[in-house]
Amino acid sequence: MRIHSQGIRDFTVLPQANFNSLRVKACLSSAMLVVAVCLFFILLGNGSLQSLMSKNREQRHLNFQFQVSGLLQQSREELVRLAELIALSPRGRISSQSELGKALDRQWELLQQTWVLHSLKVYDADSQLVDSWGAPQRKLRPGQVAQVLLGGQPLELVHCDPVCVQSLALPMRARAGDYVLQLERPLVKALQRFREMTGTDIGILSAVREQAPANSGGIYLANWQREILSLTSRERVLPLLDRVAADVPNLSGLKRARVYELDERQFDIRTMRMDVHDEGPQFVFIEDVSTQVEHISESVKVLFLFAVLGALIFSAAVAGILWGPIVRLRRLAQALPLLTNGRFGDARQLIRPVKKNLEKFDELDVLDTTGHAVCDQLEDMNDMVTRKTAQLEQIAMHDSLTGLDNRYSLIEQLEFHLELARHQPGAVQQLGYLFFIDLDDFKQVNDTLGHQGGDELLCVIARRLLSVMRSGDIVARLSGDEFCVFVRDAEGDSYRILAEKLLNTVAQPVKIGDNLVTVTMSIGVVAVEGKGETLEAILQKADMAMYHAKRHGKNKFQIYDVSLPTLAADVQGDAKGDVVRPLELVNSNKN
C-alpha cells in the first residue's frame, strides 16, 4: 500500500523530544566530538589536501592545454580573416593570382609588421609554389595543396624549423583559377598572451635531436635531446629547466606527480605535445606552486596538534553513536539519484521500511518513510509524464484534420533517408520517389460547399491515398490541399503505376452532403537517390514538376526532368491565358 501526500504531512509531526531523537544524541556526544573531529581531519585532511593539490594541478594542466588550444584557434581565426581581406579585391570578389601578387608586392612589409607574419606563399592549381614573401622555409607538399583545393577546407600545421610557427593554408576560388594561400605566424606572440592570462611561464621544446644544431641560438638540453626554442621569463625559468633536465633522464619522467625546487620555490612542470608523436615539438608549462605547498604544510601541522587530543574519544563516539545513522544516510544518498533515473524498485530496496511505532520515530525514521512516499509519488508522476509525452509527440507529428503525417514529420523522415544514403557504400542504392500532390481547383469546393465540406473532402482524399500505399510508405498533408507521398525502395518505372493508381483512386466521385464531387489532382514526381541530394533541392524539383503537370491539363503526373521549365516560366505561361477548369459537382437528389 502506497503512502500519499497526506501521510507525508502526518509523519513530519514528531512527538516531543526523547532519548531516541538524534538531537538529544547530538547534545550528549557534542563534547566528545569537538575534540574527536580534529583527529578525523588529520586522517582525512592530509590525504584530501594532497589529493586536492594533485587534482588542482591536473585541472590546471588541462586548463593550460585548453587555453593554448584556444589561443591557437583565435590565431587561426585571425589568419582566416586576414586571408579573406588579402584575397578580396576592391570590386568585392576574390583576386586572381596575378592581382594578389601585385597587391602583396606593395603591402607585404605593412602586413608583416601589423599582423606579425612569418611568411606568405601562393600555390597554383597544379600545387606549384608561384609566389612567396618572407621566410622561404617549409613549403607545402603537392599532396597537401591538392587536399586543400579538393576538400575546400583550410589546412592548419604547426612546425618548428628553425622557429615555431603556425601555418594555415586556405583555398581561394577565383574566376581566373583556383589557388591556395598559405600564411605563417610565429608562436611567440601566443606564448606571451598565455603568460599574461595565466601568470604561468610557457616555452617550446624542439623535436628530438641527436645533437645540438650549429648556430641555432637556442639552448640544448642533452638529457632530453631537445632545444629550447622559445621561453617566457627566460632569466628566471631557464636555470630551473636546465637543473630539471639534468635530474630527470627523459621528458616522459615529468609526468610523475612531483614538484621541483629552485631557490626555495616549488614549481610544477608539465608538457603538451604539438602533434601525435612524443618525439615531436612540445609546449612546456612552468607553474609556481609554492603557495599551495606551504598552505598544505601549515594546515597539516595545525590539524596534527588538535587530533592528538581527540583521537581515542572520536573513535569510540563514532562507533557507538553515529555509525548506524551514517550507514542509513549513505543508503538514502545512494537511493536519491536512482529516482532521477526512474529506477524506483532499486531505490525502494535501499530505503528500508521502518518497523516501529510512530512515537519512537527519530529524524532518520521520518526521512526513510518520507523517501518511500516520495518514491511512490515520483513513480506515479513519471507514468503520467510518459503518457502525456506520447500524446504530445502524436500531436506534433500528425495533421489534426486527416490524421496523416504533417510537414515536420515528412521532413524529418526525408532527412533521415538522405543521411542514411550518404553513409552507405557507393554500390548500394536505395531509390525512392517523392510525390508532390496538389488538388485541382480545390478553392471552388470551399466556395461551393463551405469549409466544412472542404474538410470532409480532404479526409476522404487522405483515406484514399493511404489505401493505395504500402505500410512502410509515408503519406503527409503539408497544408491546405497539398499532400506528399514518399515511397522507399522503388524499382524501375513503378512510380508510373503508383501515380496512375493515385490519380484514378482520387478521381472517383465523393458524396459531400447532397452533392457528388469529382475532384482531380496534379502530381509532381521526383526521384530521391540520396547521394549528392539536398532536401531543399528535392522539394523544389517536386514542386516544379507538379506545376508543370497542372499547367498542362491537370489530373496528370509529371516526373521531374532537368529540361522542365522553371516555375517563373510556368507563371508567365499561366498569365498568357490558361483556362481554369470548373469543379464538377453532381447533385445526388436529381434524377
# chains A, B, ... in the order shown; residues from 1 in each chain; ligands from 1
>>> residues_around(residues="Ala507 (chain A)", least_positions_apart="3", cutoff="8 Å", atoms="only C-alpha atoms", output="ChimeraX atom specification")
/A:503-504,518-521
>>> write_last_selection(atoms="N, CA and C atoms", output="PDB file, in the first residue's frame")
ATOM      1  N   LEU A 503      -4.076   8.822 -59.147  1.00  0.00           N
ATOM      2  CA  LEU A 503      -4.988   9.674 -59.916  1.00  0.00           C
ATOM      3  C   LEU A 503      -6.360   9.033 -60.047  1.00  0.00           C
ATOM      4  N   ASN A 504      -6.390   7.732 -60.366  1.00  0.00           N
ATOM      5  CA  ASN A 504      -7.667   7.055 -60.574  1.00  0.00           C
ATOM      6  C   ASN A 504      -8.451   6.931 -59.267  1.00  0.00           C
ATOM      7  N   THR A 518     -16.523  15.520 -57.857  1.00  0.00           N
ATOM      8  CA  THR A 518     -15.395  14.893 -58.542  1.00  0.00           C
ATOM      9  C   THR A 518     -14.240  15.884 -58.543  1.00  0.00           C
ATOM     10  N   VAL A 519     -13.169  15.494 -57.905  1.00  0.00           N
ATOM     11  CA  VAL A 519     -12.008  16.368 -57.812  1.00  0.00           C
ATOM     12  C   VAL A 519     -10.787  15.616 -58.314  1.00  0.00           C
ATOM     13  N   THR A 520      -9.945  16.316 -59.042  1.00  0.00           N
ATOM     14  CA  THR A 520      -8.712  15.710 -59.570  1.00  0.00           C
ATOM     15  C   THR A 520      -7.514  16.355 -58.892  1.00  0.00           C
ATOM     16  N   MET A 521      -6.355  15.839 -59.241  1.00  0.00           N
ATOM     17  CA  MET A 521      -5.144  16.393 -58.640  1.00  0.00           C
ATOM     18  C   MET A 521      -4.003  16.332 -59.639  1.00  0.00           C
TER      19      MET A 521
END
>>> residues_around(residues="Tyr179 (chain A)", least_positions_apart="2", cutoff="7 Å", atoms="only C-alpha atoms", output="JSON, numbers by chain")
{"A": [123, 124, 125, 171, 172, 173, 177, 181]}
>>> write_last_selection(atoms="N, CA, C and O atoms", output="PDB file, in the first residue's frame")
ATOM      1  N   TYR A 123      50.129  29.088 -53.973  1.00  0.00           N
ATOM      2  CA  TYR A 123      50.278  27.884 -54.786  1.00  0.00           C
ATOM      3  C   TYR A 123      49.182  27.879 -55.847  1.00  0.00           C
ATOM      4  O   TYR A 123      48.029  28.224 -55.568  1.00  0.00           O
ATOM      5  N   ASP A 124      49.540  27.464 -57.066  1.00  0.00           N
ATOM      6  CA  ASP A 124      48.537  27.419 -58.132  1.00  0.00           C
ATOM      7  C   ASP A 124      47.766  26.111 -58.097  1.00  0.00           C
ATOM      8  O   ASP A 124      47.981  25.254 -57.209  1.00  0.00           O
ATOM      9  N   ALA A 125      46.860  25.934 -59.052  1.00  0.00           N
ATOM     10  CA  ALA A 125      46.011  24.733 -59.084  1.00  0.00           C
ATOM     11  C   ALA A 125      46.802  23.464 -59.346  1.00  0.00           C
ATOM     12  O   ALA A 125      46.306  22.366 -59.098  1.00  0.00           O
ATOM     13  N   PRO A 171      41.875  27.559 -49.368  1.00  0.00           N
ATOM     14  CA  PRO A 171      41.556  27.562 -50.802  1.00  0.00           C
ATOM     15  C   PRO A 171      40.913  28.885 -51.195  1.00  0.00           C
ATOM     16  O   PRO A 171      40.085  29.425 -50.483  1.00  0.00           O
ATOM     17  N   MET A 172      41.301  29.390 -52.362  1.00  0.00           N
ATOM     18  CA  MET A 172      40.737  30.623 -52.903  1.00  0.00           C
ATOM     19  C   MET A 172      40.106  30.324 -54.257  1.00  0.00           C
ATOM     20  O   MET A 172      40.796  29.826 -55.170  1.00  0.00           O
ATOM     21  N   ARG A 173      38.823  30.590 -54.370  1.00  0.00           N
ATOM     22  CA  ARG A 173      38.076  30.316 -55.597  1.00  0.00           C
ATOM     23  C   ARG A 173      37.974  31.616 -56.398  1.00  0.00           C
ATOM     24  O   ARG A 173      37.142  32.478 -56.108  1.00  0.00           O
ATOM     25  N   GLY A 177      40.952  31.199 -61.885  1.00  0.00           N
ATOM     26  CA  GLY A 177      41.527  29.919 -61.493  1.00  0.00           C
ATOM     27  C   GLY A 177      41.717  29.817 -60.000  1.00  0.00           C
ATOM     28  O   GLY A 177      42.025  30.811 -59.335  1.00  0.00           O
ATOM     29  N   LEU A 181      46.314  29.899 -50.634  1.00  0.00           N
ATOM     30  CA  LEU A 181      47.044  30.968 -49.939  1.00  0.00           C
ATOM     31  C   LEU A 181      47.498  30.435 -48.578  1.00  0.00           C
ATOM     32  O   LEU A 181      46.683  29.990 -47.775  1.00  0.00           O
TER      33      LEU A 181
END
>>> closest_residue(among="A:His118, A:Gln282, A:Lys550, A:Pro249", to="Ile228 (chain A)", atoms="only C-alpha atoms")
A:Gln282
>>> select_by_dssp(residues="region 348-394 of chain A", states="helix (DSSP H, G or I)", output="number ranges by chain")
A: 348-350, 358-360, 363-394
>>> write_last_selection(atoms="N, CA and C atoms", output="compact mmCIF listing (two decimals), in the first residue's frame")
# COMPACT_ATOMS: atom_id res chain seq x y z
N ARG A 348 13.68 1.60 -3.65
CA ARG A 348 12.93 1.04 -2.51
C ARG A 348 13.75 -0.01 -1.76
N GLN A 349 14.60 -0.73 -2.47
CA GLN A 349 15.42 -1.73 -1.79
C GLN A 349 16.47 -1.07 -0.89
N LEU A 350 16.97 0.13 -1.29
CA LEU A 350 17.95 0.82 -0.46
C LEU A 350 17.30 1.50 0.74
N LEU A 358 5.11 4.99 15.72
CA LEU A 358 5.36 6.38 15.36
C LEU A 358 5.97 7.15 16.53
N GLU A 359 5.58 6.79 17.78
CA GLU A 359 6.09 7.51 18.94
C GLU A 359 7.60 7.37 19.10
N LYS A 360 8.19 6.32 18.53
CA LYS A 360 9.62 6.07 18.67
C LYS A 360 10.44 6.54 17.47
N GLU A 363 14.51 11.46 13.52
CA GLU A 363 14.52 12.17 12.24
C GLU A 363 14.85 11.26 11.07
N LEU A 364 15.76 10.29 11.27
CA LEU A 364 16.10 9.37 10.19
C LEU A 364 14.94 8.47 9.82
N ASP A 365 14.17 8.07 10.83
CA ASP A 365 12.99 7.25 10.53
C ASP A 365 12.00 8.02 9.66
N VAL A 366 11.78 9.30 10.01
CA VAL A 366 10.90 10.14 9.18
C VAL A 366 11.46 10.27 7.77
N LEU A 367 12.79 10.42 7.66
CA LEU A 367 13.41 10.58 6.36
C LEU A 367 13.23 9.32 5.50
N ASP A 368 13.40 8.15 6.09
CA ASP A 368 13.21 6.91 5.34
C ASP A 368 11.77 6.74 4.89
N THR A 369 10.83 7.01 5.82
CA THR A 369 9.41 6.86 5.47
C THR A 369 9.01 7.86 4.39
N THR A 370 9.49 9.09 4.53
CA THR A 370 9.20 10.09 3.51
C THR A 370 9.81 9.70 2.17
N GLY A 371 11.00 9.11 2.19
CA GLY A 371 11.63 8.67 0.95
C GLY A 371 10.80 7.64 0.23
N HIS A 372 10.19 6.69 1.00
CA HIS A 372 9.31 5.71 0.36
C HIS A 372 8.12 6.40 -0.29
N ALA A 373 7.53 7.36 0.43
CA ALA A 373 6.35 8.05 -0.12
C ALA A 373 6.72 8.85 -1.37
N VAL A 374 7.88 9.54 -1.32
CA VAL A 374 8.30 10.31 -2.49
C VAL A 374 8.58 9.39 -3.68
N CYS A 375 9.14 8.23 -3.41
CA CYS A 375 9.40 7.26 -4.47
C CYS A 375 8.10 6.85 -5.16
N ASP A 376 7.07 6.58 -4.35
CA ASP A 376 5.78 6.19 -4.93
C ASP A 376 5.17 7.33 -5.76
N GLN A 377 5.24 8.54 -5.22
CA GLN A 377 4.64 9.67 -5.93
C GLN A 377 5.40 9.98 -7.22
N LEU A 378 6.73 9.91 -7.18
CA LEU A 378 7.50 10.16 -8.39
C LEU A 378 7.24 9.10 -9.45
N GLU A 379 7.02 7.86 -9.01
CA GLU A 379 6.70 6.81 -9.99
C GLU A 379 5.38 7.09 -10.67
N ASP A 380 4.38 7.54 -9.88
CA ASP A 380 3.09 7.91 -10.48
C ASP A 380 3.25 9.08 -11.45
N MET A 381 4.02 10.09 -11.03
CA MET A 381 4.24 11.24 -11.91
C MET A 381 5.00 10.85 -13.17
N ASN A 382 5.96 9.94 -13.04
CA ASN A 382 6.72 9.50 -14.20
C ASN A 382 5.81 8.80 -15.20
N ASP A 383 4.89 7.96 -14.70
CA ASP A 383 3.95 7.29 -15.61
C ASP A 383 3.07 8.31 -16.31
N MET A 384 2.61 9.32 -15.56
CA MET A 384 1.74 10.33 -16.17
C MET A 384 2.50 11.14 -17.22
N VAL A 385 3.75 11.53 -16.90
CA VAL A 385 4.54 12.30 -17.86
C VAL A 385 4.80 11.48 -19.12
N THR A 386 5.05 10.18 -18.96
CA THR A 386 5.28 9.32 -20.12
C THR A 386 4.07 9.30 -21.04
N ARG A 387 2.88 9.17 -20.43
CA ARG A 387 1.66 9.15 -21.25
C ARG A 387 1.46 10.49 -21.95
N LYS A 388 1.64 11.58 -21.21
CA LYS A 388 1.42 12.89 -21.81
C LYS A 388 2.45 13.17 -22.92
N THR A 389 3.68 12.71 -22.71
CA THR A 389 4.70 12.90 -23.73
C THR A 389 4.34 12.18 -25.02
N ALA A 390 3.84 10.95 -24.87
CA ALA A 390 3.42 10.20 -26.06
C ALA A 390 2.29 10.92 -26.78
N GLN A 391 1.35 11.50 -26.02
CA GLN A 391 0.25 12.23 -26.65
C GLN A 391 0.77 13.47 -27.39
N LEU A 392 1.69 14.21 -26.76
CA LEU A 392 2.24 15.40 -27.40
C LEU A 392 3.03 15.05 -28.66
N GLU A 393 3.77 13.94 -28.62
CA GLU A 393 4.50 13.52 -29.81
C GLU A 393 3.54 13.18 -30.94
N GLN A 394 2.40 12.54 -30.61
CA GLN A 394 1.40 12.22 -31.62
C GLN A 394 0.83 13.51 -32.24
>>> closest_residue(among="A:Leu303, A:Met469, A:Leu404, A:Ala545", to="Gly45 (chain A)", atoms="only C-alpha atoms")
A:Leu303
>>> atom_distance(atom1="CA of Leu516 (chain A)", atom2="CA of Phe557 (chain A)")
24.1 Å
>>> closest_residue(among="A:Glu298, A:Glu482, A:Asp288, A:Glu227", to="Phe435 (chain A)", atoms="only C-alpha atoms")
A:Glu482
>>> residues_around(residues="Glu415 (chain A)", least_positions_apart="3", cutoff="12 Å", atoms="only C-alpha atoms", output="VMD selection string")
chain A and resid 408 to 412 418 to 422 486 528 530 to 531 533 to 536 538 to 539
>>> write_last_selection(atoms="N, CA, C and O atoms", output="PDB file, in the first residue's frame")
ATOM      1  N   TYR A 408       6.346  18.564 -40.664  1.00  0.00           N
ATOM      2  CA  TYR A 408       7.532  18.329 -39.829  1.00  0.00           C
ATOM      3  C   TYR A 408       7.936  16.856 -39.859  1.00  0.00           C
ATOM      4  O   TYR A 408       9.115  16.522 -39.978  1.00  0.00           O
ATOM      5  N   SER A 409       6.952  15.973 -39.755  1.00  0.00           N
ATOM      6  CA  SER A 409       7.250  14.539 -39.764  1.00  0.00           C
ATOM      7  C   SER A 409       7.827  14.112 -41.103  1.00  0.00           C
ATOM      8  O   SER A 409       8.771  13.325 -41.173  1.00  0.00           O
ATOM      9  N   LEU A 410       7.263  14.619 -42.214  1.00  0.00           N
ATOM     10  CA  LEU A 410       7.771  14.267 -43.535  1.00  0.00           C
ATOM     11  C   LEU A 410       9.218  14.722 -43.699  1.00  0.00           C
ATOM     12  O   LEU A 410      10.078  13.960 -44.161  1.00  0.00           O
ATOM     13  N   ILE A 411       9.502  15.968 -43.334  1.00  0.00           N
ATOM     14  CA  ILE A 411      10.860  16.486 -43.489  1.00  0.00           C
ATOM     15  C   ILE A 411      11.846  15.694 -42.636  1.00  0.00           C
ATOM     16  O   ILE A 411      12.956  15.381 -43.064  1.00  0.00           O
ATOM     17  N   GLU A 412      11.436  15.340 -41.443  1.00  0.00           N
ATOM     18  CA  GLU A 412      12.326  14.574 -40.555  1.00  0.00           C
ATOM     19  C   GLU A 412      12.672  13.217 -41.164  1.00  0.00           C
ATOM     20  O   GLU A 412      13.829  12.790 -41.148  1.00  0.00           O
ATOM     21  N   LEU A 418      17.982  10.617 -46.390  1.00  0.00           N
ATOM     22  CA  LEU A 418      19.148  11.168 -47.069  1.00  0.00           C
ATOM     23  C   LEU A 418      20.423  10.918 -46.268  1.00  0.00           C
ATOM     24  O   LEU A 418      21.466  10.581 -46.835  1.00  0.00           O
ATOM     25  N   GLU A 419      20.358  11.085 -44.964  1.00  0.00           N
ATOM     26  CA  GLU A 419      21.536  10.843 -44.132  1.00  0.00           C
ATOM     27  C   GLU A 419      21.953   9.380 -44.171  1.00  0.00           C
ATOM     28  O   GLU A 419      23.145   9.062 -44.220  1.00  0.00           O
ATOM     29  N   LEU A 420      20.971   8.476 -44.180  1.00  0.00           N
ATOM     30  CA  LEU A 420      21.282   7.054 -44.262  1.00  0.00           C
ATOM     31  C   LEU A 420      21.930   6.727 -45.600  1.00  0.00           C
ATOM     32  O   LEU A 420      22.878   5.939 -45.673  1.00  0.00           O
ATOM     33  N   ALA A 421      21.460   7.350 -46.682  1.00  0.00           N
ATOM     34  CA  ALA A 421      22.021   7.083 -48.003  1.00  0.00           C
ATOM     35  C   ALA A 421      23.461   7.577 -48.111  1.00  0.00           C
ATOM     36  O   ALA A 421      24.290   6.969 -48.777  1.00  0.00           O
ATOM     37  N   ARG A 422      23.779   8.684 -47.421  1.00  0.00           N
ATOM     38  CA  ARG A 422      25.138   9.223 -47.503  1.00  0.00           C
ATOM     39  C   ARG A 422      26.163   8.308 -46.843  1.00  0.00           C
ATOM     40  O   ARG A 422      27.335   8.348 -47.200  1.00  0.00           O
ATOM     41  N   PHE A 486       5.848   9.736 -49.948  1.00  0.00           N
ATOM     42  CA  PHE A 486       7.241   9.328 -50.088  1.00  0.00           C
ATOM     43  C   PHE A 486       7.310   7.810 -50.088  1.00  0.00           C
ATOM     44  O   PHE A 486       6.854   7.155 -49.160  1.00  0.00           O
ATOM     45  N   VAL A 528      14.399  10.259 -55.533  1.00  0.00           N
ATOM     46  CA  VAL A 528      15.258  10.572 -54.385  1.00  0.00           C
ATOM     47  C   VAL A 528      16.346   9.511 -54.334  1.00  0.00           C
ATOM     48  O   VAL A 528      16.142   8.413 -53.826  1.00  0.00           O
ATOM     49  N   GLY A 530      19.441  10.070 -52.988  1.00  0.00           N
ATOM     50  CA  GLY A 530      20.146  10.141 -51.702  1.00  0.00           C
ATOM     51  C   GLY A 530      21.477  10.826 -51.802  1.00  0.00           C
ATOM     52  O   GLY A 530      21.673  11.888 -51.233  1.00  0.00           O
ATOM     53  N   LYS A 531      22.431  10.281 -52.542  1.00  0.00           N
ATOM     54  CA  LYS A 531      23.786  10.806 -52.526  1.00  0.00           C
ATOM     55  C   LYS A 531      23.860  12.057 -53.392  1.00  0.00           C
ATOM     56  O   LYS A 531      23.412  12.091 -54.532  1.00  0.00           O
ATOM     57  N   GLU A 533      22.237  14.709 -52.874  1.00  0.00           N
ATOM     58  CA  GLU A 533      20.949  15.393 -52.862  1.00  0.00           C
ATOM     59  C   GLU A 533      20.833  16.242 -51.588  1.00  0.00           C
ATOM     60  O   GLU A 533      21.385  15.908 -50.549  1.00  0.00           O
ATOM     61  N   THR A 534      20.081  17.330 -51.696  1.00  0.00           N
ATOM     62  CA  THR A 534      19.701  18.112 -50.523  1.00  0.00           C
ATOM     63  C   THR A 534      18.194  18.144 -50.436  1.00  0.00           C
ATOM     64  O   THR A 534      17.489  18.045 -51.459  1.00  0.00           O
ATOM     65  N   LEU A 535      17.686  18.296 -49.223  1.00  0.00           N
ATOM     66  CA  LEU A 535      16.243  18.296 -49.024  1.00  0.00           C
ATOM     67  C   LEU A 535      15.595  19.457 -49.759  1.00  0.00           C
ATOM     68  O   LEU A 535      14.530  19.310 -50.374  1.00  0.00           O
ATOM     69  N   GLU A 536      16.217  20.635 -49.743  1.00  0.00           N
ATOM     70  CA  GLU A 536      15.629  21.791 -50.411  1.00  0.00           C
ATOM     71  C   GLU A 536      15.519  21.562 -51.912  1.00  0.00           C
ATOM     72  O   GLU A 536      14.505  21.902 -52.539  1.00  0.00           O
ATOM     73  N   ILE A 538      15.275  18.654 -53.503  1.00  0.00           N
ATOM     74  CA  ILE A 538      14.262  17.637 -53.801  1.00  0.00           C
ATOM     75  C   ILE A 538      12.867  18.251 -53.777  1.00  0.00           C
ATOM     76  O   ILE A 538      12.048  18.033 -54.684  1.00  0.00           O
ATOM     77  N   LEU A 539      12.572  19.031 -52.742  1.00  0.00           N
ATOM     78  CA  LEU A 539      11.239  19.642 -52.653  1.00  0.00           C
ATOM     79  C   LEU A 539      11.015  20.635 -53.787  1.00  0.00           C
ATOM     80  O   LEU A 539       9.912  20.739 -54.333  1.00  0.00           O
TER      81      LEU A 539
END
>>> closest_residue(among="A:Asn63, A:Leu49, A:Leu221, A:Gln153", to="Val293 (chain A)", atoms="only C-alpha atoms")
A:Leu49
>>> select_by_dssp(residues="region 121-328 of chain A", states="strand (DSSP E or B)", output="ChimeraX atom specification")
/A:121-123,129-134,155-160,164-172,179-186,201-205,219-221,226-231,260-262,265-273,282-288
>>> residues_around(residues="Gly70 (chain A)", least_positions_apart="3", cutoff="12 Å", atoms="only C-alpha atoms", output="PyMOL selection string")
chain A and resi 63-67+73-77+190-191+193-194+197
>>> residues_around(residues="Gln192 (chain A)", least_positions_apart="2", cutoff="10 Å", atoms="only C-alpha atoms", output="number ranges by chain")
A: 187-190, 194-197, 201-203, 231-233
>>> write_last_selection(atoms="N, CA, C and O atoms", output="short mmCIF file (atom, residue, chain, number, x, y, z; two decimals), in the first residue's frame")
data_model
loop_
_atom_site.label_atom_id
_atom_site.label_comp_id
_atom_site.auth_asym_id
_atom_site.auth_seq_id
_atom_site.Cartn_x
_atom_site.Cartn_y
_atom_site.Cartn_z
N LEU A 187 54.78 31.70 -33.12
CA LEU A 187 54.01 31.40 -31.91
C LEU A 187 54.45 32.24 -30.71
O LEU A 187 53.89 32.08 -29.62
N VAL A 188 55.44 33.09 -30.88
CA VAL A 188 55.96 33.86 -29.74
C VAL A 188 54.87 34.75 -29.15
O VAL A 188 54.72 34.86 -27.92
N LYS A 189 54.07 35.37 -30.00
CA LYS A 189 53.02 36.26 -29.51
C LYS A 189 51.98 35.47 -28.70
O LYS A 189 51.52 35.94 -27.65
N ALA A 190 51.63 34.27 -29.16
CA ALA A 190 50.65 33.46 -28.43
C ALA A 190 51.20 33.05 -27.06
O ALA A 190 50.46 33.01 -26.07
N PHE A 194 49.60 33.93 -23.39
CA PHE A 194 49.33 32.89 -22.40
C PHE A 194 49.92 33.28 -21.06
O PHE A 194 49.28 33.11 -20.01
N ARG A 195 51.14 33.83 -21.05
CA ARG A 195 51.79 34.25 -19.80
C ARG A 195 50.99 35.36 -19.13
O ARG A 195 50.81 35.38 -17.91
N GLU A 196 50.46 36.29 -19.90
CA GLU A 196 49.67 37.39 -19.34
C GLU A 196 48.34 36.90 -18.79
O GLU A 196 47.85 37.42 -17.77
N MET A 197 47.73 35.88 -19.42
CA MET A 197 46.42 35.40 -18.99
C MET A 197 46.51 34.54 -17.74
O MET A 197 45.65 34.62 -16.86
N ASP A 201 54.57 30.53 -16.74
CA ASP A 201 55.52 30.59 -17.84
C ASP A 201 55.33 29.42 -18.77
O ASP A 201 54.93 28.32 -18.36
N ILE A 202 55.66 29.65 -20.03
CA ILE A 202 55.49 28.62 -21.05
C ILE A 202 56.66 28.72 -22.02
O ILE A 202 57.20 29.80 -22.28
N GLY A 203 57.05 27.58 -22.53
CA GLY A 203 58.13 27.54 -23.52
C GLY A 203 57.84 26.49 -24.57
O GLY A 203 56.85 25.75 -24.49
N LEU A 231 60.88 30.84 -24.79
CA LEU A 231 60.62 30.72 -23.36
C LEU A 231 60.28 32.10 -22.79
O LEU A 231 60.98 33.08 -23.05
N THR A 232 59.19 32.17 -22.02
CA THR A 232 58.85 33.40 -21.32
C THR A 232 59.62 33.46 -20.00
O THR A 232 59.96 32.43 -19.42
N SER A 233 59.86 34.64 -19.48
CA SER A 233 60.64 34.86 -18.24
C SER A 233 61.93 34.04 -18.28
O SER A 233 62.23 33.23 -17.41
#
>>> closest_residue(among="A:Arg331, A:Arg234, A:Glu294, A:Gln225", to="Glu279 (chain A)", atoms="only C-alpha atoms")
A:Gln225
>>> atom_distance(atom1="CA of Leu44 (chain A)", atom2="CA of Arg57 (chain A)")
19.7 Å
>>> atom_distance(atom1="CA of Leu332 (chain A)", atom2="CA of Arg352 (chain A)")
9.2 Å
>>> decode(residues="region 279-290 of chain A", atoms="N, CA, C and O atoms", output="short mmCIF file (atom, residue, chain, number, x, y, z; two decimals), in the first residue's frame")
data_model
loop_
_atom_site.label_atom_id
_atom_site.label_comp_id
_atom_site.auth_asym_id
_atom_site.auth_seq_id
_atom_site.Cartn_x
_atom_site.Cartn_y
_atom_site.Cartn_z
N GLU A 279 57.96 12.31 -29.88
CA GLU A 279 59.27 12.85 -30.21
C GLU A 279 59.19 14.18 -30.96
O GLU A 279 60.21 14.76 -31.31
N GLY A 280 58.00 14.66 -31.21
CA GLY A 280 57.84 15.94 -31.88
C GLY A 280 57.99 17.10 -30.92
O GLY A 280 58.24 16.93 -29.73
N PRO A 281 57.86 18.32 -31.42
CA PRO A 281 57.97 19.51 -30.56
C PRO A 281 56.86 19.54 -29.51
O PRO A 281 55.77 19.01 -29.74
N GLN A 282 57.15 20.15 -28.37
CA GLN A 282 56.19 20.17 -27.27
C GLN A 282 56.22 21.52 -26.57
O GLN A 282 57.26 22.19 -26.52
N PHE A 283 55.03 21.90 -26.03
CA PHE A 283 54.96 23.03 -25.12
C PHE A 283 55.38 22.56 -23.73
O PHE A 283 55.14 21.42 -23.35
N VAL A 284 55.99 23.43 -22.95
CA VAL A 284 56.34 23.12 -21.57
C VAL A 284 55.78 24.24 -20.68
O VAL A 284 55.96 25.43 -20.97
N PHE A 285 55.03 23.85 -19.62
CA PHE A 285 54.43 24.80 -18.70
C PHE A 285 55.21 24.77 -17.38
O PHE A 285 55.45 23.70 -16.83
N ILE A 286 55.58 25.92 -16.85
CA ILE A 286 56.31 26.02 -15.59
C ILE A 286 55.47 26.89 -14.65
O ILE A 286 55.42 28.11 -14.80
N GLU A 287 54.82 26.25 -13.68
CA GLU A 287 53.91 26.95 -12.76
C GLU A 287 54.51 26.97 -11.35
O GLU A 287 54.95 25.95 -10.83
N ASP A 288 54.47 28.13 -10.71
CA ASP A 288 54.95 28.29 -9.34
C ASP A 288 53.84 27.84 -8.38
O ASP A 288 52.79 28.47 -8.30
N VAL A 289 54.07 26.73 -7.64
CA VAL A 289 53.06 26.19 -6.71
C VAL A 289 53.55 26.31 -5.27
O VAL A 289 53.10 25.56 -4.40
N SER A 290 54.44 27.24 -4.98
CA SER A 290 55.00 27.37 -3.63
C SER A 290 53.92 27.69 -2.61
O SER A 290 53.91 27.15 -1.49
#
